[in-house]
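Structure file entry-v2.txt with compact mmCIF, C-alpha atoms and all ligand atoms:
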# COMPACT_ATOMS: atom_id res chain seq x y z
CA MET A 41 -10.79 -147.13 -119.72
CA SER A 42 -9.73 -150.42 -121.24
CA ILE A 43 -8.59 -150.67 -124.81
CA ASN A 44 -10.98 -152.74 -126.88
CA ARG A 45 -10.14 -154.85 -129.91
CA ARG A 46 -11.41 -152.31 -132.40
CA ASN A 47 -9.14 -149.62 -131.03
CA PHE A 48 -6.22 -151.97 -131.06
CA ILE A 49 -6.84 -152.65 -134.75
CA ASN A 50 -6.99 -148.90 -135.42
CA LEU A 51 -3.63 -148.56 -133.77
CA SER A 52 -2.12 -151.48 -135.67
CA SER A 53 -3.27 -149.99 -138.95
CA LEU A 54 -1.28 -146.88 -138.04
CA GLY A 55 1.82 -149.01 -137.82
CA ILE A 56 2.47 -148.27 -134.18
CA ALA A 57 1.36 -151.51 -132.57
CA GLY A 58 4.80 -152.02 -131.03
CA PHE A 59 4.03 -149.51 -128.30
CA SER A 60 2.39 -150.29 -124.99
CA LEU A 61 -1.19 -149.16 -124.87
CA GLN A 62 -1.89 -147.06 -121.86
CA GLY A 63 -4.44 -144.63 -120.62
CA PHE A 64 -7.64 -143.44 -122.16
CA VAL A 65 -9.31 -143.45 -125.54
CA ASN A 66 -9.58 -139.84 -126.68
CA LYS A 67 -12.16 -138.00 -128.75
CA GLN A 68 -10.81 -139.33 -132.04
CA ASN A 69 -11.26 -142.84 -130.67
CA LEU A 70 -7.52 -143.52 -130.78
CA PRO A 71 -5.77 -144.98 -127.78
CA THR A 72 -3.29 -142.51 -126.38
CA LEU A 73 0.34 -143.57 -126.11
CA LYS A 74 1.74 -142.03 -122.98
CA PRO A 75 3.95 -141.07 -121.45
CA ILE A 76 6.30 -140.37 -124.33
CA VAL A 77 9.17 -137.98 -124.98
CA ILE A 78 10.95 -137.21 -128.25
CA ALA A 79 14.04 -135.06 -128.80
CA THR A 80 16.21 -133.87 -131.68
CA TRP A 81 19.42 -135.51 -132.87
CA ASP A 82 21.53 -138.22 -131.20
CA ALA A 83 21.92 -136.02 -128.14
CA GLY A 84 18.20 -136.63 -127.66
CA LEU A 85 18.92 -140.16 -126.42
CA ASN A 86 20.64 -138.91 -123.26
CA ALA A 87 18.31 -135.98 -122.88
CA ASN A 88 15.31 -138.31 -123.05
CA LYS A 89 16.78 -140.37 -120.21
CA GLY A 90 16.70 -137.24 -118.05
CA ALA A 91 13.11 -136.56 -119.06
CA TRP A 92 12.12 -140.19 -118.50
CA GLU A 93 13.19 -140.06 -114.86
CA VAL A 94 10.36 -137.57 -114.43
CA LEU A 95 7.77 -139.07 -116.80
CA SER A 96 8.16 -142.67 -115.64
CA LYS A 97 7.30 -141.61 -112.10
CA GLY A 98 4.13 -139.87 -113.23
CA GLY A 99 5.75 -136.42 -113.28
CA SER A 100 4.66 -133.56 -115.51
CA ALA A 101 5.71 -133.05 -119.10
CA LEU A 102 6.87 -129.57 -118.10
CA ASP A 103 9.30 -130.87 -115.48
CA ALA A 104 10.42 -133.57 -117.90
CA VAL A 105 11.28 -131.26 -120.78
CA GLU A 106 13.23 -128.97 -118.46
CA LYS A 107 15.18 -131.80 -116.81
CA GLY A 108 15.72 -133.52 -120.14
CA VAL A 109 17.45 -130.70 -121.99
CA MET A 110 19.47 -129.78 -118.89
CA VAL A 111 21.33 -133.03 -119.51
CA THR A 112 22.53 -131.68 -122.87
CA GLU A 113 23.28 -128.24 -121.43
CA ASP A 114 25.63 -130.03 -119.02
CA GLU A 115 27.45 -131.90 -121.77
CA ILE A 116 30.26 -130.34 -123.78
CA SER A 117 28.87 -130.29 -127.29
CA CYS A 118 29.49 -128.13 -130.31
CA CYS A 119 26.54 -125.89 -129.71
CA VAL A 120 24.43 -126.37 -126.61
CA GLY A 121 25.34 -124.86 -123.24
CA LEU A 122 28.43 -123.01 -122.09
CA GLY A 123 30.87 -125.46 -123.70
CA ALA A 124 29.58 -124.53 -127.15
CA ASN A 125 31.18 -122.55 -129.95
CA PRO A 126 31.23 -118.79 -129.38
CA ASP A 127 30.02 -115.96 -131.56
CA ARG A 128 32.49 -114.21 -133.86
CA ASP A 129 33.66 -112.00 -130.97
CA GLY A 130 34.52 -115.03 -128.84
CA HIS A 131 31.54 -115.07 -126.45
CA VAL A 132 29.14 -117.97 -125.95
CA THR A 133 25.59 -116.63 -126.14
CA LEU A 134 22.65 -118.91 -125.46
CA ASP A 135 18.96 -119.06 -126.44
CA ALA A 136 16.25 -121.21 -124.84
CA SER A 137 12.48 -121.54 -124.60
CA ILE A 138 9.89 -123.59 -122.76
CA MET A 139 6.10 -123.93 -123.12
CA ASP A 140 3.50 -125.84 -121.11
CA HIS A 141 0.02 -127.26 -121.72
CA GLU A 142 -1.77 -124.02 -120.83
CA PHE A 143 -0.05 -121.68 -123.31
CA ASN A 144 2.34 -120.48 -120.61
CA CYS A 145 5.71 -119.85 -122.15
CA GLY A 146 9.06 -118.27 -121.36
CA SER A 147 12.29 -117.69 -123.18
CA VAL A 148 15.74 -116.14 -122.99
CA ALA A 149 18.01 -115.03 -125.78
CA PHE A 150 21.56 -113.71 -126.10
CA LEU A 151 22.19 -114.93 -122.55
CA GLU A 152 25.81 -115.20 -121.40
CA ARG A 153 27.59 -117.04 -118.57
CA ILE A 154 24.57 -118.95 -117.27
CA LYS A 155 24.77 -122.73 -117.30
CA HIS A 156 21.09 -123.62 -117.65
CA PRO A 157 19.26 -121.17 -119.92
CA ILE A 158 16.26 -123.52 -120.02
CA SER A 159 15.71 -123.05 -116.29
CA VAL A 160 15.98 -119.28 -116.65
CA ALA A 161 13.37 -119.48 -119.43
CA ARG A 162 11.10 -121.39 -117.05
CA ARG A 163 11.57 -118.72 -114.36
CA VAL A 164 10.68 -116.03 -116.92
CA MET A 165 7.50 -118.01 -117.61
CA GLU A 166 6.62 -118.59 -113.98
CA LYS A 167 7.87 -115.51 -112.20
CA THR A 168 7.47 -112.58 -114.56
CA PRO A 169 4.60 -111.07 -116.54
CA HIS A 170 6.77 -111.41 -119.68
CA VAL A 171 7.53 -114.11 -122.20
CA MET A 172 11.05 -113.19 -123.24
CA LEU A 173 14.14 -111.62 -121.67
CA VAL A 174 17.35 -110.98 -123.58
CA GLY A 175 21.03 -110.21 -123.04
CA GLU A 176 22.12 -108.29 -120.00
CA GLY A 177 18.57 -108.09 -118.65
CA ALA A 178 18.13 -111.84 -118.89
CA GLN A 179 21.45 -112.36 -117.13
CA GLN A 180 20.54 -109.89 -114.37
CA PHE A 181 17.24 -111.67 -113.88
CA ALA A 182 18.98 -115.05 -113.73
CA VAL A 183 21.44 -113.83 -111.09
CA SER A 184 18.59 -112.30 -109.06
CA GLU A 185 16.94 -115.72 -109.16
CA GLY A 186 20.04 -117.35 -107.69
CA PHE A 187 21.71 -118.67 -110.85
CA THR A 188 25.52 -118.61 -110.70
CA LEU A 189 27.38 -116.27 -113.04
CA GLU A 190 29.97 -118.56 -114.61
CA SER A 191 33.44 -117.48 -115.77
CA GLY A 192 32.74 -116.84 -119.42
CA ASN A 193 35.84 -118.81 -120.43
CA LEU A 194 35.53 -120.97 -123.50
CA SER A 195 35.70 -124.73 -123.13
CA GLU A 196 38.94 -126.24 -124.36
CA SER A 197 37.38 -127.56 -127.55
CA ALA A 198 35.47 -124.35 -128.28
CA ASP A 199 38.65 -122.35 -127.81
CA LYS A 200 40.41 -124.58 -130.30
CA SER A 201 37.57 -124.30 -132.78
CA TYR A 202 37.40 -120.54 -132.42
CA LYS A 203 41.12 -120.07 -133.01
CA GLN A 204 40.80 -122.23 -136.06
CA TRP A 205 37.80 -120.26 -137.29
CA LEU A 206 39.57 -116.92 -136.81
CA LYS A 207 42.11 -117.92 -139.45
CA LYS A 208 39.45 -117.70 -142.15
CA SER A 209 36.55 -115.96 -140.43
CA THR A 210 34.07 -117.21 -143.01
CA TYR A 211 30.41 -118.04 -142.56
CA LYS A 212 29.63 -121.28 -144.23
CA PRO A 213 26.73 -123.35 -142.93
CA VAL A 214 27.45 -127.03 -142.56
CA ILE A 215 24.30 -129.08 -142.41
CA ASN A 216 23.77 -131.95 -139.98
CA VAL A 217 26.72 -130.96 -137.84
CA GLU A 218 24.62 -131.80 -134.78
CA ARG A 219 24.77 -135.48 -135.59
CA LYS A 220 27.28 -137.37 -133.48
CA THR A 221 27.06 -140.80 -135.03
CA SER A 222 27.42 -141.55 -138.68
CA THR A 223 25.36 -144.30 -140.23
CA SER A 224 25.95 -146.41 -143.30
CA GLN A 225 22.89 -144.77 -144.86
CA LEU A 226 24.55 -141.39 -144.83
CA GLU A 227 26.58 -140.22 -147.75
CA ASP A 228 30.04 -138.85 -147.01
CA LYS A 229 29.04 -135.25 -147.44
CA PHE A 230 26.55 -135.60 -144.60
CA LYS A 231 28.94 -137.31 -142.19
CA ALA A 232 29.78 -134.21 -140.24
CA PRO A 233 31.64 -134.44 -136.93
CA ALA A 234 30.09 -133.00 -133.78
CA ARG A 235 32.51 -130.11 -133.91
CA LEU A 236 34.24 -129.01 -137.06
CA SER A 237 38.00 -129.07 -136.81
CA ASN A 238 38.24 -126.18 -139.26
CA GLY A 239 35.86 -124.16 -137.11
CA GLU A 240 33.38 -123.43 -139.88
CA TRP A 241 29.93 -122.05 -139.14
CA ASN A 242 27.60 -124.64 -137.72
CA HIS A 243 24.39 -125.28 -135.76
CA ASP A 244 23.17 -127.41 -132.94
CA THR A 245 20.11 -127.50 -130.74
CA ILE A 246 18.37 -129.84 -128.38
CA GLY A 247 14.61 -129.62 -128.79
CA MET A 248 12.23 -131.84 -126.84
CA VAL A 249 8.47 -132.39 -126.63
CA ALA A 250 6.69 -134.70 -124.21
CA LEU A 251 3.25 -136.05 -123.33
CA ASP A 252 2.83 -137.03 -119.68
CA ALA A 253 0.68 -139.64 -117.95
CA ASN A 254 -2.05 -137.03 -117.41
CA GLY A 255 -2.22 -136.34 -121.14
CA ASN A 256 -0.51 -132.94 -120.98
CA LEU A 257 2.04 -131.75 -123.51
CA SER A 258 5.06 -129.48 -123.02
CA GLY A 259 8.16 -128.56 -124.99
CA SER A 260 11.63 -127.09 -124.57
CA CYS A 261 14.49 -125.95 -126.73
CA THR A 262 18.03 -124.79 -125.89
CA THR A 263 20.99 -123.86 -128.06
CA SER A 264 23.94 -121.61 -128.69
CA GLY A 265 22.43 -121.20 -132.14
CA ALA A 266 24.97 -120.79 -134.86
CA GLY A 267 28.67 -121.03 -134.04
CA PHE A 268 30.68 -117.91 -135.01
CA LYS A 269 27.47 -115.96 -135.60
CA LEU A 270 27.37 -112.18 -135.60
CA ARG A 271 27.30 -110.85 -132.06
CA GLY A 272 23.68 -110.39 -131.03
CA ARG A 273 22.29 -112.93 -133.48
CA VAL A 274 19.23 -114.75 -132.17
CA GLY A 275 17.77 -117.78 -133.92
CA ASP A 276 14.38 -119.47 -133.88
CA SER A 277 14.88 -121.49 -130.69
CA PRO A 278 13.77 -118.82 -128.19
CA ILE A 279 10.99 -117.53 -130.47
CA ILE A 280 7.68 -119.06 -129.38
CA GLY A 281 5.84 -120.14 -132.53
CA ALA A 282 9.03 -120.48 -134.57
CA GLY A 283 11.42 -122.83 -132.73
CA LEU A 284 8.82 -124.22 -130.33
CA TYR A 285 5.06 -124.36 -130.01
CA VAL A 286 2.66 -126.34 -127.83
CA ASP A 287 -1.12 -126.46 -128.09
CA ASN A 288 -2.47 -129.01 -125.64
CA GLU A 289 -5.58 -129.64 -127.78
CA VAL A 290 -3.45 -130.61 -130.77
CA GLY A 291 0.25 -131.29 -130.32
CA ALA A 292 3.74 -129.97 -129.68
CA VAL A 293 6.49 -129.17 -132.17
CA VAL A 294 10.13 -128.16 -131.98
CA ALA A 295 12.55 -127.15 -134.74
CA THR A 296 16.24 -127.44 -135.43
CA GLY A 297 18.39 -126.21 -138.29
CA GLN A 298 18.77 -122.81 -139.89
CA GLY A 299 16.88 -120.60 -137.44
CA GLU A 300 16.39 -117.71 -139.84
CA ASP A 301 14.42 -119.95 -142.19
CA VAL A 302 12.36 -121.46 -139.40
CA ILE A 303 11.38 -117.97 -138.23
CA ARG A 304 10.43 -116.98 -141.81
CA VAL A 305 7.65 -119.59 -141.87
CA ALA A 306 6.64 -119.37 -138.18
CA GLY A 307 7.68 -123.01 -138.30
CA ALA A 308 6.55 -124.77 -135.11
CA SER A 309 3.23 -122.96 -135.02
CA ALA A 310 2.61 -123.75 -138.69
CA VAL A 311 3.19 -127.46 -138.04
CA VAL A 312 0.77 -127.41 -135.07
CA GLU A 313 -1.93 -125.74 -137.21
CA LEU A 314 -1.55 -128.40 -139.90
CA MET A 315 -1.99 -131.12 -137.26
CA ARG A 316 -5.12 -129.29 -136.09
CA GLN A 317 -6.45 -129.69 -139.63
CA GLY A 318 -5.96 -133.44 -139.34
CA LYS A 319 -2.47 -133.95 -140.79
CA SER A 320 -0.28 -136.59 -139.20
CA PRO A 321 2.78 -135.28 -137.36
CA GLN A 322 5.06 -136.35 -140.21
CA ASP A 323 2.87 -134.83 -142.94
CA ALA A 324 2.51 -131.60 -141.02
CA CYS A 325 6.30 -131.35 -140.63
CA ARG A 326 6.77 -132.21 -144.31
CA LEU A 327 4.42 -129.50 -145.56
CA VAL A 328 6.27 -126.79 -143.66
CA VAL A 329 9.69 -128.10 -144.75
CA GLU A 330 8.46 -128.10 -148.37
CA LYS A 331 7.39 -124.49 -147.94
CA VAL A 332 10.91 -123.59 -146.78
CA ARG A 333 12.27 -125.41 -149.83
CA ARG A 334 9.96 -123.45 -152.15
CA ILE A 335 10.87 -120.14 -150.56
CA LYS A 336 14.61 -120.77 -150.57
CA LYS A 337 14.72 -122.15 -154.14
CA GLU A 338 18.31 -123.09 -155.06
CA LYS A 339 19.55 -121.77 -151.69
CA ALA A 340 17.76 -124.70 -150.05
CA ALA A 341 20.83 -126.76 -150.96
CA ASP A 342 22.88 -124.93 -148.31
CA ILE A 343 20.59 -125.13 -145.31
CA GLN A 344 19.07 -127.77 -143.09
CA VAL A 345 15.62 -127.32 -141.52
CA CYS A 346 13.97 -130.06 -139.44
CA PHE A 347 10.89 -130.42 -137.27
CA ILE A 348 9.78 -133.07 -134.79
CA ALA A 349 6.13 -133.24 -133.78
CA LEU A 350 4.09 -135.12 -131.18
CA ASN A 351 0.32 -135.08 -131.22
CA LYS A 352 -2.19 -135.42 -128.44
CA ASN A 353 -2.48 -139.17 -129.12
CA GLY A 354 1.24 -139.72 -128.64
CA GLU A 355 1.86 -140.21 -132.36
CA HIS A 356 5.12 -138.64 -133.47
CA GLY A 357 6.85 -137.78 -136.70
CA SER A 358 9.50 -135.61 -138.27
CA TYR A 359 10.67 -134.21 -141.55
CA ALA A 360 13.92 -132.62 -142.68
CA LEU A 361 14.98 -130.66 -145.70
CA HIS A 362 18.11 -132.81 -146.13
CA LYS A 363 19.10 -136.34 -145.35
CA GLY A 364 20.88 -136.93 -142.08
CA PHE A 365 18.50 -135.70 -139.40
CA ASN A 366 17.48 -138.09 -136.64
CA TYR A 367 15.49 -137.92 -133.42
CA ALA A 368 15.23 -139.96 -130.24
CA VAL A 369 12.04 -141.47 -128.82
CA GLN A 370 11.49 -142.82 -125.31
CA THR A 371 8.38 -144.71 -124.21
CA ASN A 372 7.61 -147.51 -121.78
CA ASP A 373 8.92 -149.82 -124.50
CA GLY A 374 12.38 -148.29 -124.35
CA SER A 375 14.49 -145.85 -126.28
CA LYS A 376 15.27 -145.61 -129.98
CA LEU A 377 16.75 -143.32 -132.59
CA ILE A 378 14.71 -142.68 -135.74
CA GLU A 379 16.09 -141.58 -139.11
CA SER A 380 13.97 -138.72 -140.35
CA PRO A 381 12.39 -138.71 -143.79
CA PHE A 382 13.66 -135.81 -145.86
CA SER A 383 12.95 -133.73 -148.90
CA VAL A 384 16.19 -133.61 -150.90
N1 LIG A 401 17.86 -123.53 -134.87
C1 LIG A 401 19.05 -123.11 -134.18
C2 LIG A 401 19.32 -121.68 -134.52
O1 LIG A 401 19.28 -121.33 -135.69
C3 LIG A 401 20.24 -123.92 -134.49
C4 LIG A 401 20.04 -125.38 -134.79
O2 LIG A 401 19.03 -125.95 -134.48
O3 LIG A 401 20.92 -126.00 -135.34
O4 LIG A 401 19.65 -120.92 -133.64

As structure tokens, how would this structure be written, given the file I've shared?
Ligand code: ASP
Amino acid sequence: MSINRRNFINLSSLGIAGFSLQGFVNKQNLPTLKPIVIATWDAGLNANKGAWEVLSKGGSALDAVEKGVMVTEDEISCCVGLGANPDRDGHVTLDASIMDHEFNCGSVAFLERIKHPISVARRVMEKTPHVMLVGEGAQQFAVSEGFTLESGNLSESADKSYKQWLKKSTYKPVINVERKTSTSQLEDKFKAPARLSNGEWNHDTIGMVALDANGNLSGSCTTSGAGFKLRGRVGDSPIIGAGLYVDNEVGAVVATGQGEDVIRVAGASAVVELMRQGKSPQDACRLVVEKVRRIKKEKAADIQVCFIALNKNGEHGSYALHKGFNYAVQTNDGSKLIESPFSV
């Protein structure tokens, strides 16, 4: 269906006229912007490239969000994939989840020695009657599906970080550690390096949501969670409804930051429900972040919680508890990094 002038004006008034207009006009009479993929943090730029290879050829959002975050799982970063910081006992344990446009979902948690947890999560979704497998069972399943059992050795940088951390063995969250580039807008206290040289407790996650050319949404999330965590700790990322949620009638949401506090508010699902009630993606994210802030009171100063959201029309938004969060967007118009609005 062609886009008429009235619809174009609607779109302009939303401040998103810079995007190409493609596809159909949906029930709300808004032109849909698709395909589109968004992903957390600077690492999202590269991850989106992986997803775009699929989306730009008319591929599914599901394939795109798997391929996209695999790019980050392959990179050595502070906290995604096997190169990430270990738990306090020196083992890298990984969490991941994936969800498609038909409420199919799969996840793995506390998974060791497997390079692509996101692909194991997809196999859980597609090949088992379950949603979630953890630990040894998840690893056994992965191996039975043909995934290679890797060595379990720490990457050089993780090994260095861990040795450093062992000297103090303290848990001290450092917010925005995921961010790889500093910007002039960031104050010094938020200019955290990708990996902390003193090995302090930190977080990182790649979360991605996409809308494909057919108008279907999907999402993925993969992480080592919190560096130097207690052995067995699982965060929000593999918990469907907390770290990730997709409802194809409404939108898709993924979280990053302090997983415990995302779980507490059933974060991603809460954001989707607010969008269902008519909130914009940014407002929906903001309301849930504000709830975390209320619940945590003065402790909110020590944690970061962030959401990114994409609705059925291809509108996107984010909100973070603290300054310093960013997310990457890829459309037919190219790729960009967006500074997230924040609460404090
Ligand atoms: N949310 C992840 C977790 O708590 C970590 C992060 O996103 O930084 O496991």

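Closest to Gly247 of chain A among A:Ala124, A:Ile348, A:Val290, A:Ala266 is A:Ile348, based on only C-alpha atoms.
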
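Across A:His170, A:His362, A:Lys97, A:Arg273, the tightest approach to ligand LIG 401 (chain A) is made by A:Arg273 when counting all atoms listed in the file.
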
Exercise. Residues within 7 Å of ligand LIG 401 (chain A) (all atoms listed in the file), as an MDAnalysis selection string?
Worked result: chainID A and resid 218 243:245 263:266 274:277 283 295:300

Problem set entry | Spatial neighbours of Leu284 of chain A, 8 Å, all atoms listed in the file, chain gap at least 5 places, as a VMD selection string | chain A and resid 137 to 139 259 to 261 277 to 279 292 to 295 308 to 309

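Ranking A:Asp301, A:Glu355, A:Asp342, A:Asp103 by their shortest atom-to-atom distance to Ser320 of chain A, with only C-alpha atoms included, puts A:Glu355 first.
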
Test item: residues at most 12 Å from Ala182 of chain A, all atoms listed in the file, excluding those fewer than 3 positions along its chain, as a compact mmCIF listing (two decimals) with C-alpha atoms, keeping the file's coordinate frame:
# COMPACT_ATOMS: atom_id res chain seq x y z
CA SER A 147 12.29 -117.69 -123.18
CA VAL A 148 15.74 -116.14 -122.99
CA LEU A 151 22.19 -114.93 -122.55
CA GLU A 152 25.81 -115.20 -121.40
CA ARG A 153 27.59 -117.04 -118.57
CA ILE A 154 24.57 -118.95 -117.27
CA LYS A 155 24.77 -122.73 -117.30
CA HIS A 156 21.09 -123.62 -117.65
CA PRO A 157 19.26 -121.17 -119.92
CA ILE A 158 16.26 -123.52 -120.02
CA SER A 159 15.71 -123.05 -116.29
CA VAL A 160 15.98 -119.28 -116.65
CA ALA A 161 13.37 -119.48 -119.43
CA ARG A 162 11.10 -121.39 -117.05
CA ARG A 163 11.57 -118.72 -114.36
CA VAL A 164 10.68 -116.03 -116.92
CA LYS A 167 7.87 -115.51 -112.20
CA THR A 168 7.47 -112.58 -114.56
CA LEU A 173 14.14 -111.62 -121.67
CA VAL A 174 17.35 -110.98 -123.58
CA GLY A 175 21.03 -110.21 -123.04
CA GLU A 176 22.12 -108.29 -120.00
CA GLY A 177 18.57 -108.09 -118.65
CA ALA A 178 18.13 -111.84 -118.89
CA GLN A 179 21.45 -112.36 -117.13
CA GLU A 185 16.94 -115.72 -109.16
CA GLY A 186 20.04 -117.35 -107.69
CA PHE A 187 21.71 -118.67 -110.85
CA THR A 188 25.52 -118.61 -110.70
CA LEU A 189 27.38 -116.27 -113.04
CA GLU A 190 29.97 -118.56 -114.61

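Compared by their closest atoms to Met248 of chain A, and using all atoms listed in the file, the residues A:Lys331, A:Asn144, A:Trp205, A:Thr262 rank with A:Thr262 nearest.
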
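For the point (4.4, -125.1, -136.8), the residues with an atom at a distance of at most 7 Å are Gly281, Ala282, Tyr285, Val293, Ala306, Gly307, Ala308, Ser309, Ala310, Val311, Val312 and Glu313 of chain A, counting only C-alpha atoms.
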
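Residue nearest Gly84 of chain A within the list A:Val109, A:Leu314, A:Cys346, A:Ile335: A:Val109 [criterion: smallest interatomic distance, only C-alpha atoms].
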
Seminar exercise, completed: atom CA of Lys352 of chain A sits from atom CA of Val120 of chain A at a separation of 28.2 Å

Could I get segment 355-374 of chain A rebuilt with N, CA, C and O atoms, written as a PDB file, in the frame of the given file?
ATOM      1  N   GLU A 355       1.225-139.872-131.076  1.00  0.00           N
ATOM      2  CA  GLU A 355       1.860-140.210-132.360  1.00  0.00           C
ATOM      3  C   GLU A 355       2.929-139.159-132.637  1.00  0.00           C
ATOM      4  O   GLU A 355       2.717-137.972-132.360  1.00  0.00           O
ATOM      5  N   HIS A 356       4.048-139.603-133.204  1.00  0.00           N
ATOM      6  CA  HIS A 356       5.120-138.640-133.470  1.00  0.00           C
ATOM      7  C   HIS A 356       5.598-138.772-134.905  1.00  0.00           C
ATOM      8  O   HIS A 356       5.360-139.790-135.575  1.00  0.00           O
ATOM      9  N   GLY A 357       6.298-137.747-135.351  1.00  0.00           N
ATOM     10  CA  GLY A 357       6.850-137.780-136.700  1.00  0.00           C
ATOM     11  C   GLY A 357       7.830-136.639-136.871  1.00  0.00           C
ATOM     12  O   GLY A 357       7.987-135.788-135.985  1.00  0.00           O
ATOM     13  N   SER A 358       8.508-136.655-138.003  1.00  0.00           N
ATOM     14  CA  SER A 358       9.500-135.610-138.270  1.00  0.00           C
ATOM     15  C   SER A 358       9.626-135.439-139.765  1.00  0.00           C
ATOM     16  O   SER A 358       9.158-136.277-140.554  1.00  0.00           O
ATOM     17  N   TYR A 359      10.293-134.381-140.146  1.00  0.00           N
ATOM     18  CA  TYR A 359      10.670-134.210-141.550  1.00  0.00           C
ATOM     19  C   TYR A 359      11.830-133.238-141.600  1.00  0.00           C
ATOM     20  O   TYR A 359      11.921-132.319-140.794  1.00  0.00           O
ATOM     21  N   ALA A 360      12.741-133.480-142.538  1.00  0.00           N
ATOM     22  CA  ALA A 360      13.920-132.620-142.680  1.00  0.00           C
ATOM     23  C   ALA A 360      14.072-132.209-144.133  1.00  0.00           C
ATOM     24  O   ALA A 360      13.631-132.927-145.035  1.00  0.00           O
ATOM     25  N   LEU A 361      14.704-131.087-144.331  1.00  0.00           N
ATOM     26  CA  LEU A 361      14.980-130.660-145.700  1.00  0.00           C
ATOM     27  C   LEU A 361      15.997-131.599-146.341  1.00  0.00           C
ATOM     28  O   LEU A 361      15.825-132.035-147.469  1.00  0.00           O
ATOM     29  N   HIS A 362      17.051-131.934-145.608  1.00  0.00           N
ATOM     30  CA  HIS A 362      18.110-132.810-146.130  1.00  0.00           C
ATOM     31  C   HIS A 362      18.219-134.092-145.332  1.00  0.00           C
ATOM     32  O   HIS A 362      17.874-134.142-144.146  1.00  0.00           O
ATOM     33  N   LYS A 363      18.762-135.060-145.982  1.00  0.00           N
ATOM     34  CA  LYS A 363      19.100-136.340-145.350  1.00  0.00           C
ATOM     35  C   LYS A 363      20.032-136.116-144.158  1.00  0.00           C
ATOM     36  O   LYS A 363      20.840-135.193-144.177  1.00  0.00           O
ATOM     37  N   GLY A 364      19.906-136.982-143.158  1.00  0.00           N
ATOM     38  CA  GLY A 364      20.880-136.930-142.080  1.00  0.00           C
ATOM     39  C   GLY A 364      20.331-136.536-140.725  1.00  0.00           C
ATOM     40  O   GLY A 364      21.010-136.658-139.718  1.00  0.00           O
ATOM     41  N   PHE A 365      19.085-136.071-140.687  1.00  0.00           N
ATOM     42  CA  PHE A 365      18.500-135.700-139.400  1.00  0.00           C
ATOM     43  C   PHE A 365      17.950-136.949-138.714  1.00  0.00           C
ATOM     44  O   PHE A 365      17.414-137.833-139.374  1.00  0.00           O
ATOM     45  N   ASN A 366      18.098-137.005-137.396  1.00  0.00           N
ATOM     46  CA  ASN A 366      17.480-138.090-136.640  1.00  0.00           C
ATOM     47  C   ASN A 366      16.908-137.544-135.336  1.00  0.00           C
ATOM     48  O   ASN A 366      17.231-136.430-134.926  1.00  0.00           O
ATOM     49  N   TYR A 367      16.029-138.336-134.724  1.00  0.00           N
ATOM     50  CA  TYR A 367      15.490-137.920-133.420  1.00  0.00           C
ATOM     51  C   TYR A 367      15.287-139.140-132.531  1.00  0.00           C
ATOM     52  O   TYR A 367      15.163-140.265-133.019  1.00  0.00           O
ATOM     53  N   ALA A 368      15.290-138.876-131.232  1.00  0.00           N
ATOM     54  CA  ALA A 368      15.230-139.960-130.240  1.00  0.00           C
ATOM     55  C   ALA A 368      13.835-140.024-129.625  1.00  0.00           C
ATOM     56  O   ALA A 368      13.214-138.988-129.386  1.00  0.00           O
ATOM     57  N   VAL A 369      13.374-141.252-129.388  1.00  0.00           N
ATOM     58  CA  VAL A 369      12.040-141.470-128.820  1.00  0.00           C
ATOM     59  C   VAL A 369      12.191-142.350-127.574  1.00  0.00           C
ATOM     60  O   VAL A 369      12.908-143.353-127.595  1.00  0.00           O
ATOM     61  N   GLN A 370      11.501-141.982-126.519  1.00  0.00           N
ATOM     62  CA  GLN A 370      11.490-142.820-125.310  1.00  0.00           C
ATOM     63  C   GLN A 370      10.045-143.052-124.872  1.00  0.00           C
ATOM     64  O   GLN A 370       9.262-142.107-124.728  1.00  0.00           O
ATOM     65  N   THR A 371       9.707-144.330-124.717  1.00  0.00           N
ATOM     66  CA  THR A 371       8.380-144.710-124.210  1.00  0.00           C
ATOM     67  C   THR A 371       8.591-145.816-123.172  1.00  0.00           C
ATOM     68  O   THR A 371       9.731-146.196-122.890  1.00  0.00           O
ATOM     69  N   ASN A 372       7.499-146.366-122.692  1.00  0.00           N
ATOM     70  CA  ASN A 372       7.610-147.510-121.780  1.00  0.00           C
ATOM     71  C   ASN A 372       8.300-148.690-122.447  1.00  0.00           C
ATOM     72  O   ASN A 372       8.799-149.591-121.779  1.00  0.00           O
ATOM     73  N   ASP A 373       8.284-148.712-123.765  1.00  0.00           N
ATOM     74  CA  ASP A 373       8.920-149.820-124.500  1.00  0.00           C
ATOM     75  C   ASP A 373      10.414-149.618-124.692  1.00  0.00           C
ATOM     76  O   ASP A 373      11.068-150.432-125.334  1.00  0.00           O
ATOM     77  N   GLY A 374      10.942-148.516-124.224  1.00  0.00           N
ATOM     78  CA  GLY A 374      12.380-148.290-124.350  1.00  0.00           C
ATOM     79  C   GLY A 374      12.697-147.076-125.202  1.00  0.00           C
ATOM     80  O   GLY A 374      11.839-146.242-125.483  1.00  0.00           O
TER      81      GLY A 374
END
